[in-house]
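Data block for run.cif (mmCIF, C-alpha atoms):
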```cif
data_final
#
loop_
_atom_site.label_atom_id
_atom_site.label_comp_id
_atom_site.auth_asym_id
_atom_site.auth_seq_id
_atom_site.Cartn_x
_atom_site.Cartn_y
_atom_site.Cartn_z
CA VAL A 142 79.20 100.09 98.23
CA LEU A 143 78.42 103.74 98.89
CA ASP A 144 78.39 104.88 102.50
CA GLU A 145 77.22 108.14 104.09
CA VAL A 146 74.90 108.81 101.13
CA GLN A 147 73.04 111.44 103.17
CA ASP A 148 76.07 113.71 102.68
CA ILE A 149 75.06 114.21 99.05
CA THR A 150 72.31 116.51 100.33
CA LEU A 151 74.94 118.78 101.94
CA GLY A 152 76.32 119.94 98.59
CA SER A 153 75.03 122.64 96.29
CA GLU A 154 72.34 121.67 93.80
CA ARG A 155 75.00 121.32 91.10
CA GLU A 156 77.18 119.10 93.35
CA GLN A 157 74.18 116.93 94.20
CA VAL A 158 73.34 116.45 90.51
CA ARG A 159 76.96 115.57 89.70
CA SER A 160 77.13 113.05 92.54
CA LEU A 161 73.91 111.37 91.46
CA GLU A 162 75.07 111.33 87.83
CA GLY A 163 78.24 109.59 89.01
CA VAL A 164 76.16 106.88 90.69
CA LYS A 165 74.15 106.37 87.50
CA LEU A 166 77.38 106.20 85.45
CA LEU A 167 78.69 103.42 87.68
CA MET A 168 75.44 101.53 87.32
CA ASN A 169 74.96 102.02 83.56
CA GLU A 170 78.37 102.27 81.94
CA VAL A 171 80.46 100.13 84.25
CA GLY A 172 77.65 97.75 85.12
CA LEU A 173 78.40 97.66 88.82
CA PRO A 174 75.68 96.75 91.30
CA ILE A 175 75.42 99.46 93.94
CA LEU A 176 74.50 99.25 97.62
CA ALA A 177 74.02 102.66 99.23
CA PHE A 178 74.00 103.23 102.98
CA GLY A 179 73.36 106.26 105.09
CA ALA A 180 71.52 107.89 107.94
CA ASP A 181 67.91 109.03 108.00
CA LYS A 182 68.24 111.56 105.15
CA ALA A 183 70.09 109.20 102.79
CA GLY A 184 66.94 108.38 100.83
CA GLN A 185 66.22 112.04 100.11
CA ALA A 186 69.22 112.27 97.78
CA PHE A 187 68.19 109.31 95.67
CA ASN A 188 64.51 110.24 95.72
CA SER A 189 65.37 113.57 94.11
CA ASP A 190 66.36 111.71 90.94
CA GLY A 191 63.55 109.73 89.30
CA HIS A 192 65.87 107.16 87.73
CA LEU A 193 67.64 106.40 90.98
CA ALA A 194 64.41 106.41 92.98
CA ALA A 195 63.10 103.70 90.66
CA ARG A 196 66.26 101.60 90.92
CA PHE A 197 66.78 101.63 94.68
CA THR A 198 64.56 100.17 97.34
CA GLN A 199 64.90 101.80 100.73
CA PHE A 200 65.16 99.71 103.87
CA THR A 201 65.36 100.99 107.41
CA MET A 202 67.75 99.08 109.58
CA PRO A 203 66.38 98.30 113.04
CA ALA A 204 68.14 99.73 116.06
CA TRP A 205 70.53 97.39 117.82
CA GLN A 206 69.09 95.94 120.99
CA ALA A 207 70.39 93.83 123.86
CA ASP A 208 69.95 90.45 122.20
CA SER A 209 72.08 87.52 121.09
CA ILE A 210 73.16 89.32 117.91
CA LEU A 211 74.56 92.29 119.79
CA ALA A 212 76.06 89.94 122.40
CA SER A 213 77.90 88.05 119.66
CA PHE A 214 79.15 91.29 118.08
CA VAL A 215 80.33 92.71 121.41
CA ALA A 216 82.04 89.44 122.41
CA THR A 217 83.87 89.30 119.10
CA TYR A 218 84.83 92.98 119.29
CA GLU A 219 86.07 92.55 122.85
CA ARG A 220 88.50 89.81 121.82
CA GLY A 221 90.42 92.38 119.77
CA LEU A 222 90.93 94.78 122.66
CA PRO A 223 94.46 95.05 124.09
CA LEU A 224 93.43 94.18 127.64
CA GLU A 225 94.93 91.51 129.87
CA GLU A 226 91.64 89.96 131.00
CA PRO A 227 88.20 89.43 129.46
CA SER A 228 85.71 92.18 130.30
CA ASN A 229 82.55 90.13 129.70
CA LEU A 230 80.87 92.97 127.83
CA SER A 231 78.28 90.51 126.51
CA ASP A 232 77.06 89.90 130.06
CA PRO A 233 73.35 90.90 130.14
CA ALA A 234 73.88 93.91 132.45
CA ASN A 235 76.71 95.28 130.30
CA LEU A 236 74.84 94.53 127.10
CA ASN A 237 71.68 96.30 128.31
CA PHE A 238 73.77 99.30 129.33
CA LEU A 239 75.56 99.47 125.98
CA ALA A 240 72.32 99.18 123.99
CA LYS A 241 70.72 101.90 126.11
CA VAL A 242 73.55 104.46 126.08
CA GLY A 243 74.26 103.72 122.42
CA GLY A 244 70.68 104.47 121.43
CA GLY A 245 70.69 101.34 119.29
CA VAL A 246 73.41 102.78 117.01
CA ILE A 247 76.40 100.48 116.58
CA GLY A 248 78.82 103.38 116.13
CA ASN A 249 77.84 104.78 119.52
CA ILE A 250 78.18 101.37 121.15
CA VAL A 251 81.64 100.84 119.66
CA ALA A 252 82.70 104.36 120.69
CA ARG A 253 81.70 103.62 124.30
CA ILE A 254 83.66 100.34 124.24
CA LYS A 255 86.73 102.08 122.78
CA ASN A 256 86.56 104.83 125.40
CA ALA A 257 86.18 102.22 128.13
CA ALA A 258 89.15 100.22 126.85
CA LEU A 259 91.31 103.35 126.77
CA THR A 260 90.14 104.29 130.25
CA ALA A 261 91.04 100.82 131.51
CA LEU A 262 94.50 101.11 129.98
CA VAL A 263 95.07 104.61 131.39
CA GLU A 264 93.93 103.52 134.85
CA GLY A 265 95.94 100.31 134.77
CA SER A 266 92.90 98.05 134.91
CA PRO A 267 93.35 94.63 133.27
CA ARG A 268 89.76 94.74 131.97
CA ILE A 269 86.75 97.00 131.46
CA THR A 270 84.67 97.03 134.62
CA ALA A 271 81.04 98.09 134.85
CA ASP A 272 82.19 101.29 136.55
CA ILE A 273 84.64 102.08 133.75
CA LEU A 274 81.96 101.37 131.18
CA ARG A 275 79.59 103.82 132.89
CA ARG A 276 82.24 106.54 133.08
CA ALA A 277 83.52 106.14 129.51
CA GLU A 278 81.42 108.83 127.86
CA ALA A 279 84.49 110.44 126.31
CA ARG A 280 88.03 109.46 125.43
CA PRO A 281 90.29 109.76 128.48
CA ALA A 282 93.43 111.88 128.65
CA MET A 283 96.28 109.68 127.51
CA CYS A 284 99.11 111.33 129.46
CA PRO A 285 99.21 108.68 132.22
CA LEU A 286 100.16 106.03 129.65
CA ALA A 287 103.25 107.98 128.65
CA ARG A 288 104.43 108.16 132.28
CA ARG A 289 104.09 104.42 132.91
CA LYS A 290 107.28 102.46 133.25
CA PRO A 291 107.62 99.51 130.86
CA ALA A 292 107.28 96.03 132.34
CA PRO A 293 110.64 94.33 133.11
#
```
Could you write out this file's structure as structure tokens?
Amino acid sequence: VLDEVQDITLGSEREQVRSLEGVKLLMNEVGLPILAFGADKAGQAFNSDGHLAARFTQFTMPAWQADSILASFVATYERGLPLEEPSNLSDPANLNFLAKVGGGVIGNIVARIKNAALTALVEGSPRITADILRRAEARPAMCPLARRKPAP
């Protein structure tokens, strides 16, 4: 599995050729099936090489939306957070908010959840509230955690 394939286009022409030759080597000599993932420009790298363009079919992944699939993902992700109480992030209002502010990109949605969880911990909240979720655009300062006294 190759990820961030669009980064191939950031190299010099020689570096791009070498990277693409490496992919072909894996496919031909080693006989490994390859799945390549990347952002919008990922296909440009492979389309610049006729052999790779013929071997790979491009698919565009749909944006994440506030549906049962995202709700299941968010609920599962939430269970791994170190919070005392459930935050109910899969609640329709929270889910709609996450899909909207995340722009349908799972990395953005996860970043917002992580920031919200850290904010909840810093503020001493047992869960992520709707207010915390709205405010969690960036990672909070962590200093308050260091000043907290451990539980008896």
Interatomic distance, atom CA of A:Pro203 to atom CA of A:Ile149 (Å, one decimal)
22.9 Å
Calculate, to one decimal in Å, the centre and edge lengths of the box along x, y and z of the file that holds all listed atoms of stretch 234-246 of chain A with 3 Å of margin on each side, and present them as JSON.
```
{"center_x": 73.7, "center_y": 99.2, "center_z": 124.7, "size_x": 12.0, "size_y": 16.6, "size_z": 21.4}
```
Name the residues captured by the PyMOL selection byres ((chain A and resi 155-161) around 12) when it is applied to the shown file; answer as a list in words.
Leu143, Val146, Gln147, Asp148, Ile149, Thr150, Leu151, Gly152, Ser153, Glu154, Glu162, Gly163, Val164, Lys165, Leu166, Leu167, Met168, Ala177, Gln185, Ala186, Phe187, Asn188, Ser189, Asp190, Gly191, His192, Leu193 and Ala194 of chain A
When distances are computed from all atoms listed in the file, which of A:Pro227, A:Ala252, A:Lys241, A:Asp144 shows the smallest separation from A:Thr270?
A:Pro227
With 9 Å as the threshold, what does the neighbourhood of (84.5, 112.0, 123.9) contain in terms of residues, counting all atoms listed in the file? Coordinates are those of the file; answer as a PDB file with C-alpha atoms, keeping the file's coordinate frame.
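Saved to selection-v2.pdb:
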```pdb
ATOM      1  CA  ALA A 252      82.700 104.360 120.690  1.00  0.00           C
ATOM      2  CA  ARG A 253      81.700 103.620 124.300  1.00  0.00           C
ATOM      3  CA  ASN A 256      86.560 104.830 125.400  1.00  0.00           C
ATOM      4  CA  ALA A 277      83.520 106.140 129.510  1.00  0.00           C
ATOM      5  CA  GLU A 278      81.420 108.830 127.860  1.00  0.00           C
ATOM      6  CA  ALA A 279      84.490 110.440 126.310  1.00  0.00           C
ATOM      7  CA  ARG A 280      88.030 109.460 125.430  1.00  0.00           C
ATOM      8  CA  PRO A 281      90.290 109.760 128.480  1.00  0.00           C
TER       9      PRO A 281
END
```
Atom CA of A:Leu222 to atom CA of A:Val263, straight-line distance in Å:
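Separation between atom CA of A:Val263 and atom CA of A:Leu222: 13.8 Å.
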Expressed in Å to a single decimal, how great is the separation between atom CA of A:Phe197 and atom CA of A:Asn249?
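That distance, rounded to one decimal, is 27.4 Å.
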Considering all atoms listed in the file, state which residue in the set A:Pro267, A:Thr260, A:Gly248, A:Pro223 is at the smallest distance from A:Ala282.
A:Thr260
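Closest approach to A:Asp232 among A:Val215, A:Ile210, A:Leu176, A:Ala195 is made by A:Val215 (distances from only C-alpha atoms).
Once the PyMOL selection byres ((chain A and resi 205) around 10) is applied to the depicted file, the selected set reads A:Met202, A:Pro203, A:Ala204, A:Gln206, A:Ala207, A:Asp208, A:Ile210, A:Leu211, A:Leu239, A:Ala240, A:Lys241, A:Gly243, A:Gly244, A:Gly245, A:Val246, A:Ile247, A:Ile250.
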With the PyMOL selection byres ((chain A and resi 219) around 10) as the selection, what would be picked from this file? Answer as a PDB file with C-alpha atoms, keeping the file's coordinate frame, please.
```pdb
ATOM      1  CA  SER A 213      77.900  88.050 119.660  1.00  0.00           C
ATOM      2  CA  PHE A 214      79.150  91.290 118.080  1.00  0.00           C
ATOM      3  CA  VAL A 215      80.330  92.710 121.410  1.00  0.00           C
ATOM      4  CA  ALA A 216      82.040  89.440 122.410  1.00  0.00           C
ATOM      5  CA  THR A 217      83.870  89.300 119.100  1.00  0.00           C
ATOM      6  CA  TYR A 218      84.830  92.980 119.290  1.00  0.00           C
ATOM      7  CA  ARG A 220      88.500  89.810 121.820  1.00  0.00           C
ATOM      8  CA  GLY A 221      90.420  92.380 119.770  1.00  0.00           C
ATOM      9  CA  LEU A 222      90.930  94.780 122.660  1.00  0.00           C
ATOM     10  CA  PRO A 223      94.460  95.050 124.090  1.00  0.00           C
ATOM     11  CA  LEU A 224      93.430  94.180 127.640  1.00  0.00           C
ATOM     12  CA  PRO A 227      88.200  89.430 129.460  1.00  0.00           C
ATOM     13  CA  SER A 228      85.710  92.180 130.300  1.00  0.00           C
ATOM     14  CA  ASN A 229      82.550  90.130 129.700  1.00  0.00           C
ATOM     15  CA  LEU A 230      80.870  92.970 127.830  1.00  0.00           C
ATOM     16  CA  SER A 231      78.280  90.510 126.510  1.00  0.00           C
ATOM     17  CA  VAL A 251      81.640 100.840 119.660  1.00  0.00           C
ATOM     18  CA  ILE A 254      83.660 100.340 124.240  1.00  0.00           C
ATOM     19  CA  LYS A 255      86.730 102.080 122.780  1.00  0.00           C
ATOM     20  CA  ALA A 258      89.150 100.220 126.850  1.00  0.00           C
ATOM     21  CA  ILE A 269      86.750  97.000 131.460  1.00  0.00           C
TER      22      ILE A 269
END
```
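With all atoms listed in the file as the atoms that count, the minimum distance from A:Leu274 to the choices A:Val242, A:Ser209, A:Val171, A:Gly179 is reached by A:Val242.
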